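Worksheet: the structure to be examined is printed underneath.
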Amino acid sequence: MKTITVAIAGNPNSGKSTLINAIAGTNLQVGNWPGVTVEKKTATLKIDDLIINLVDLPGTYSLSPYTQEEVIARDFLVREKPDLIIDVVDSTNLERNLYLTVQLLELGIPIILALNIYDEAKKKGYEFDIEKLQELLGIRVIPTVATKKEGIKEILNAIKDFAYGFYNITPKKINYGEDIESSIKAIEENLKVTNPLLLSKYPSRWLALKLIEGDELVMKEVDLIGDETFLQEAKSHLFKSHDEDIESMLADIRYGIANGVTRDVLKKKDGKRVDFTEKIDRIVLNRYLGIPIFLFAMWFVFKFAFDFSAPFSDWIDTTISGPVTKWTFHALTVVGSPQWVISLLTEGVIAGVGAVLVFIPVIAVMMFIITLLEGSGYMARVAFVMDRLMHSIGLHGKSFIPMLLGFGCNVPSIYATRVLETERDRKLTALLVPLMSCGARLPVYVIFIGAFFSDHAPTVLWSLYVLGIFMAIALGFILKKTLYKGFAPVFIMELPPYRVPVFRDLMIHTWQKLKHFVIKAGTYIFAVSVIMWFLLNTPYGVEKENSALGRIGKTISPVFEPLGFGTWEASSSLVAGLIAKEVVVSTMAQIYVKEEVEEEKEGVDKEKGFIDDLKDAFLSFGFAIRDAIENLISGFGIKSLSANEEEEQRPLKSKLQGIFTPLTAYAFLAFVLLYWPCVVVGIAMKQEFGSWKLYGQALVIHSLLAWFVAFAIYQGGRILGF
Amino acid sequence: MDIMDIAVAGVIFIGAVYILYRSIWKKKGHCSGCNGCCSKTKDKFLL
C-alpha cells in the first residue's frame, strides 16, 4: 500500500475546496468569496492500493508571511514537504494566479496545475496553449470545472501516474537574473558548510531566496539575525547593483514571469465586451444604490423566509404541543411513571426542546438564502459596499466578511477574523461580531413578532438585523476612539464573478449550517431544558414563582424594570440565554407550559385515538406544504404570519400577549439582539485570542449597550405615547 | 418523592450538566465550520 500527500494550494476563491470536495466526496465549506478556508483541512482518499492524503490549504495570493493564511499554507508546504501540489488556478484570471504558481515552483515540489473554472474562461473567448504552459513551467496542466466535476478523473489519474512513477514532473527553476542567481548560489554554498542541518529541513533555493528577501519569520526560524557576513555580502552586492529594495525587486521579477507566461499561453478575443458580472456590478456597487440594495435584499430574505416557513413551523408546533405531548403523557401514565418524571418529560424536555424545534423551518430557509447569496458572489459585494462605512470605525470592508458570516452563527465568525491582518482589527471585529443577529436569536424574534407584529413581520425582523449592523458601527466608532485606536489599512479585495451556485453544494452547505441547530436542540438545549425543569421545580411542588429559578429571576428583575420587562419570567429566561440564545424561548415555554399540559392531559380520554392523531399529523403536513406554496404565489406572502390569526393561537404566543405590550416586546427583542454573547462565543474568543479578557470586555460592553438601547426604546416609546 | 426518586433525579441532573459541559466546552457548541479537520476516507474503485 503506497501513501502520498497532496497539498491543494491556490488563490482565494479559485475553487480549491470545491475541487477537493469533487475529488474526495467531502463536504468542506465553500463560498463564492475569498477567505472561506482559513485553516488547512484534510481528506483521505483510497484508489486501489494508493492512499492519497489531500490537504486543503487556505487560499493565498502569495507565500509571503503577511497574513495568517499565508503563514499556514507556507508552513505546511515547507515543513511537511508534500509529495505533490495541486495548484488550483482560476483560468479567468491566469496572470494574477500564476504569481503564486511561480512561488510554488521555488519550493521544487512537483506541481499539477488545475486550470479551474475553465468553462467560464472559454465563454469569455480565452484560448489556452496547455502544452506550452506545461513546457514553460515544467509541470502538468489539466483543465477542470470543479463545480461540474469535469477534469476530476484526469487529476486522479495524474496523481496515480505520478505516484507510481509513470509520469515525472520536474518543476522548472525560475531564473532571477545573473546577480540574484549568483547570490542565491553563494548563500546555498555557505549554508552547506555552516548549517547543513538547515538544508535537510528546508528547500535550499527557497531558503536562500527568503534570506535574501529578509523574511523575518524564516530568519527567526533558522536562528539567523541577518547580520551574518555571507548574507550581508550577498545583500549589499544586490543593493549596489540595483539600488532597489530586494523584496520588491523579486516580486517584480515574479510578476514579470507570470505576465510573460500568460502572454505566451493565453489568447483573448478582441473587443470590449461588457460581461454579465460587470453589468450587475454597475448597479449593485453604485456609490448611492449599493447600501439601499443591500438593505432591500435583506428585507426580501426575511419576507421569503417568513412566508415559506410559517406553515411548517405551525405544523411542528401543533404536532409537538398536541399529539406528542398528549401521547407521551398517556404512555408514561400507563407504565406507572411517577408524577415528577411525567412532568420532567412533558413540561421540561418536550416543551423546552419543542419550543426550539418549531423554528427549524425558518432557520432552514434563512440559511438556504444566506448560502445562495454567498455562493452567487453577492456577499463579497456587500463587503465592498460596506467598506466606506467600515472605514468610519477604523476597520475596512474585509472585517465585514466575518460579520456577515455571523448572520448564520457568531462562533465561526470569531474564527473567521483570522483573515484580518492586524491583532487590533481582529479583536475589534470579534467584539462587533456578536451584534450580528445569529440564527439562534430567530426563535425569540419569531415568537414575539408573531404575537405582536404579525402584520409587519418581515419589516420588524429586518429592523432588528439593521439595528444590529447599526449598533456594530456605532460601537466600533466608540471603541476606535477609546480602547482600539488605530487607522484602517487600504482595502483591496477581489470581487469574484457572479455564479449560479450548484444546487447540490447549496443543499449540502445549507444542511451543514442547519445541522448545527438541530444538534444543539438534541444536546445542550435538551440538557438546559432538564436543568431548567429542576430549577423550576426545586423545592418540588411549590409554585414556579417560588422555585429556585423564580427566586433568581425575582432577584435580578429590578434591573429590567426600567426597560419594561421586569418580571421574574423574562429575567430568568434572559439569564438562561447566556448558554445559547434559543434557550430564552425554551425557558419561557417551560415557565408558561403548565396550563397547556393540563389541557392535554384532560384531552387524552375524550379526544381522538393514536392512529387518528397520526393521520391528522400527515394530513396537516400536506396542508402545510400547500399553504407554503400558496403563500409564495398569492401576492407573495400576503397571508404570512397574519394568516394564522383566525386559527388557534400558539399557547406561548397568547401567554406573551397577556404579559408584554408591543412596546415592551420590541424593547425585549432589542435587548436579546444586543446583550451578552453566548458562552460558546466566549470559548471561541478564548481560543483565538488566548485569554478570557476579550469575552469579559464583550460581556460588559454588550450588556451595557443592550440595557441603554432597550431603555431608550421603552422610555422613548412611552413618551411618544406607544 | 422518596429517596429512590431523589437519587434518580440527581443522576438525571448530573447527566444533563455533563451533556451541557461536553457540548459547550469539548464540542465548541457543535459549531459548523469551526473544526479544522474534516477527515473522511472514501474508497474509489472506478477509474
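Convention: chains lettered A, B, ... in C-alpha cells order; per-chain residue numbering from 1; ligands numbered from 1 as shown.
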Nearby residues (only C-alpha atoms) at most 12 Å from Ile24 (chain B), same-chain spacing under 5 positions excluded, as a PDB file with C-alpha atoms, in the first residue's frame:
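What ended up in out_4.pdb:
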```
ATOM      1  CA  VAL A 411     -18.940  31.263  16.614  1.00  0.00           C
ATOM      2  CA  ILE A 519     -27.665  19.022  17.027  1.00  0.00           C
ATOM      3  CA  LYS A 520     -27.873  21.881  19.521  1.00  0.00           C
ATOM      4  CA  THR A 523     -27.834  18.106  23.022  1.00  0.00           C
ATOM      5  CA  TYR A 524     -27.478  21.246  25.016  1.00  0.00           C
ATOM      6  CA  ILE A 525     -30.940  22.713  24.533  1.00  0.00           C
ATOM      7  CA  ALA A 527     -29.652  19.448  28.712  1.00  0.00           C
ATOM      8  CA  VAL A 528     -30.606  23.022  29.582  1.00  0.00           C
ATOM      9  CA  LEU A 578     -26.192  33.062  28.264  1.00  0.00           C
ATOM     10  CA  ILE A 579     -25.906  29.358  27.354  1.00  0.00           C
ATOM     11  CA  ALA A 580     -27.485  29.863  23.916  1.00  0.00           C
ATOM     12  CA  CYS A 678     -23.382  33.158  24.404  1.00  0.00           C
ATOM     13  CA  VAL A 679     -20.683  31.148  26.223  1.00  0.00           C
ATOM     14  CA  VAL A 680     -19.636  29.301  23.069  1.00  0.00           C
ATOM     15  CA  VAL A 681     -18.678  32.635  21.525  1.00  0.00           C
ATOM     16  CA  GLY A 682     -16.655  33.220  24.715  1.00  0.00           C
ATOM     17  CA  ILE A 683     -14.846  29.896  24.289  1.00  0.00           C
ATOM     18  CA  ALA A 684     -14.087  30.764  20.649  1.00  0.00           C
TER      19      ALA A 684
ATOM     20  CA  VAL B  17     -24.886  19.025  33.402  1.00  0.00           C
ATOM     21  CA  TYR B  18     -22.346  16.659  31.814  1.00  0.00           C
ATOM     22  CA  ILE B  19     -24.045  16.844  28.371  1.00  0.00           C
ATOM     23  CA  GLY B  29     -21.195  24.269  20.708  1.00  0.00           C
ATOM     24  CA  HIS B  30     -21.222  21.804  17.788  1.00  0.00           C
ATOM     25  CA  CYS B  31     -20.256  24.778  15.686  1.00  0.00           C
TER      26      CYS B  31
END
```
Just need the residues of chain A within 7 Å of chain B, counting only C-alpha atoms, so spit them out as a PyMOL selection string.
chain A and resi 24+26+29+39-48+411-412+415+512-513+516+520+523-524+527+530-531+680
Return the single residue from A:Ile246, A:Ile363, A:Lys81, A:Leu295 that is closest to Lys201 (chain A), with distances computed using only C-alpha atoms.
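Looking only at the distances to Lys201 (chain A), the closest residue turns out to be A:Lys81.
The list of residues with at least one atom within 9 Å of region 282-288 of chain A, based on only C-alpha atoms and without residues fewer than 6 positions apart in the same chain, reads A:Phe294, A:Tyr378, A:Arg381, A:Val382, A:Phe384, A:Val385.
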Within 8 Å of Glu421 (chain A), counting only C-alpha atoms, which residues show up once you throw out same-chain ones fewer than 2 positions away? Write them as a PyMOL selection string, please.
chain A and resi 66-68+418-419+423+425-426
Grab the CA of Gly394 (chain A) to CA of Leu699 (chain A) distance for me, in Å with one decimal place.
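Interatomic distance here is 22.0 Å.
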Region 267-430 of chain A: which residues are alpha helix (DSSP H) by DSSP, as a VMD selection string?
chain A and resid 276 to 284 290 to 319 325 to 334 339 to 343 351 to 357 360 to 376 378 to 385 387 to 391 400 to 405 410 to 416 423 to 430
Which is closer to Leu357 (chain A) than all the others in A:Pro539, A:Gly476, A:Gly716, A:Pro443, using only C-alpha atoms?
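Among A:Pro539, A:Gly476, A:Gly716, A:Pro443, it is A:Pro443 that comes nearest to Leu357 (chain A).
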At a cut-off of 12 Å, can you tabulate as a Markdown table every residue of region 49-103 of chain A near region 132-138 of chain A together with its closest atom pair and the distance in Å to one decimal, using only C-alpha atoms and ordering rows by chain then number?
```
| residue | atom | partner | partner_atom | distance |
| --- | --- | --- | --- | --- |
| A:Leu94 | CA | A:Leu133 | CA | 11.3 |
| A:Leu98 | CA | A:Leu137 | CA | 10.3 |
| A:Thr101 | CA | A:Leu137 | CA | 9.1 |
| A:Val102 | CA | A:Leu137 | CA | 8.5 |
| A:Gln103 | CA | A:Leu137 | CA | 11.6 |
```
Polymer residues at most 9 Å from Ile109 (chain A), only C-alpha atoms, same-chain spacing of 3 or more positions, as a compact mmCIF listing (two decimals) with N, CA, C and O atoms, in the first residue's frame:
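Output saved as selection_29.txt:
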```
# COMPACT_ATOMS: atom_id res chain seq x y z
N LEU A 77 3.69 23.67 3.41
CA LEU A 77 4.44 23.29 2.20
C LEU A 77 5.94 23.11 2.49
O LEU A 77 6.57 22.19 1.99
N LYS A 81 6.52 19.14 3.55
CA LYS A 81 7.01 18.69 2.24
C LYS A 81 6.08 17.66 1.58
O LYS A 81 6.42 16.46 1.48
N PRO A 82 4.93 18.10 1.12
CA PRO A 82 4.02 17.16 0.44
C PRO A 82 4.69 16.60 -0.81
O PRO A 82 5.60 17.23 -1.37
N ASP A 83 4.23 15.43 -1.24
CA ASP A 83 4.84 14.81 -2.42
C ASP A 83 4.47 15.56 -3.69
O ASP A 83 5.21 15.53 -4.67
N LEU A 84 3.29 16.19 -3.64
CA LEU A 84 2.77 16.81 -4.86
C LEU A 84 1.89 18.00 -4.46
O LEU A 84 1.26 17.98 -3.41
N ILE A 85 1.89 19.02 -5.32
CA ILE A 85 0.97 20.15 -5.07
C ILE A 85 -0.02 20.20 -6.23
O ILE A 85 0.39 20.11 -7.40
N LEU A 104 5.42 28.76 -5.90
CA LEU A 104 5.37 27.32 -5.60
C LEU A 104 6.51 26.58 -6.30
O LEU A 104 7.07 25.63 -5.77
N LEU A 105 6.84 27.06 -7.51
CA LEU A 105 7.94 26.43 -8.25
C LEU A 105 9.25 26.52 -7.47
O LEU A 105 10.09 25.63 -7.55
N GLU A 106 9.40 27.60 -6.70
CA GLU A 106 10.63 27.80 -5.94
C GLU A 106 10.84 26.71 -4.88
O GLU A 106 11.95 26.48 -4.43
N ILE A 169 7.31 14.70 -13.01
CA ILE A 169 7.08 16.14 -13.08
C ILE A 169 8.28 16.83 -12.44
O ILE A 169 8.56 16.63 -11.25
N THR A 170 9.00 17.58 -13.24
CA THR A 170 10.18 18.28 -12.69
C THR A 170 10.00 19.78 -12.90
O THR A 170 10.17 20.29 -14.01
N PRO A 171 9.63 20.48 -11.84
CA PRO A 171 9.37 21.91 -12.00
C PRO A 171 10.61 22.68 -12.46
O PRO A 171 11.72 22.38 -12.00
```
Students should find that CA of Ala698 (chain A) and CA of Gln715 (chain A) are spaced 25.1 Å
Residues near Lys235 (chain A), anyone? I mean within 9 Å using only C-alpha atoms, not counting same-chain ones fewer than 4 positions away, as a CSV table (one decimal) with N, CA and C atoms, in the first residue's frame.
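Everything below was put into result22.csv:
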```csv
chain,number,residue,atom,x,y,z
A,183,SER,N,23.9,35.3,-6.1
A,183,SER,CA,23.8,35.5,-4.7
A,183,SER,C,23.1,34.3,-4.0
A,212,ILE,N,17.6,36.3,1.4
A,212,ILE,CA,17.9,37.5,0.6
A,212,ILE,C,16.7,38.5,0.8
A,213,GLU,N,15.5,38.0,0.8
A,213,GLU,CA,14.3,38.9,0.9
A,213,GLU,C,14.3,39.5,2.4
A,230,PHE,N,28.1,36.4,5.2
A,230,PHE,CA,27.7,35.9,3.9
A,230,PHE,C,26.4,36.5,3.4
A,231,LEU,N,25.5,36.7,4.3
A,231,LEU,CA,24.2,37.3,4.0
A,231,LEU,C,24.4,38.8,3.6
A,239,PHE,N,22.1,45.2,-3.7
A,239,PHE,CA,21.6,46.6,-3.5
A,239,PHE,C,22.4,47.6,-4.3
A,240,LYS,N,23.7,47.3,-4.3
A,240,LYS,CA,24.6,48.2,-5.1
A,240,LYS,C,24.3,48.1,-6.6
A,246,ILE,N,15.2,44.7,-2.1
A,246,ILE,CA,15.3,43.4,-2.8
A,246,ILE,C,14.0,42.6,-2.9
```
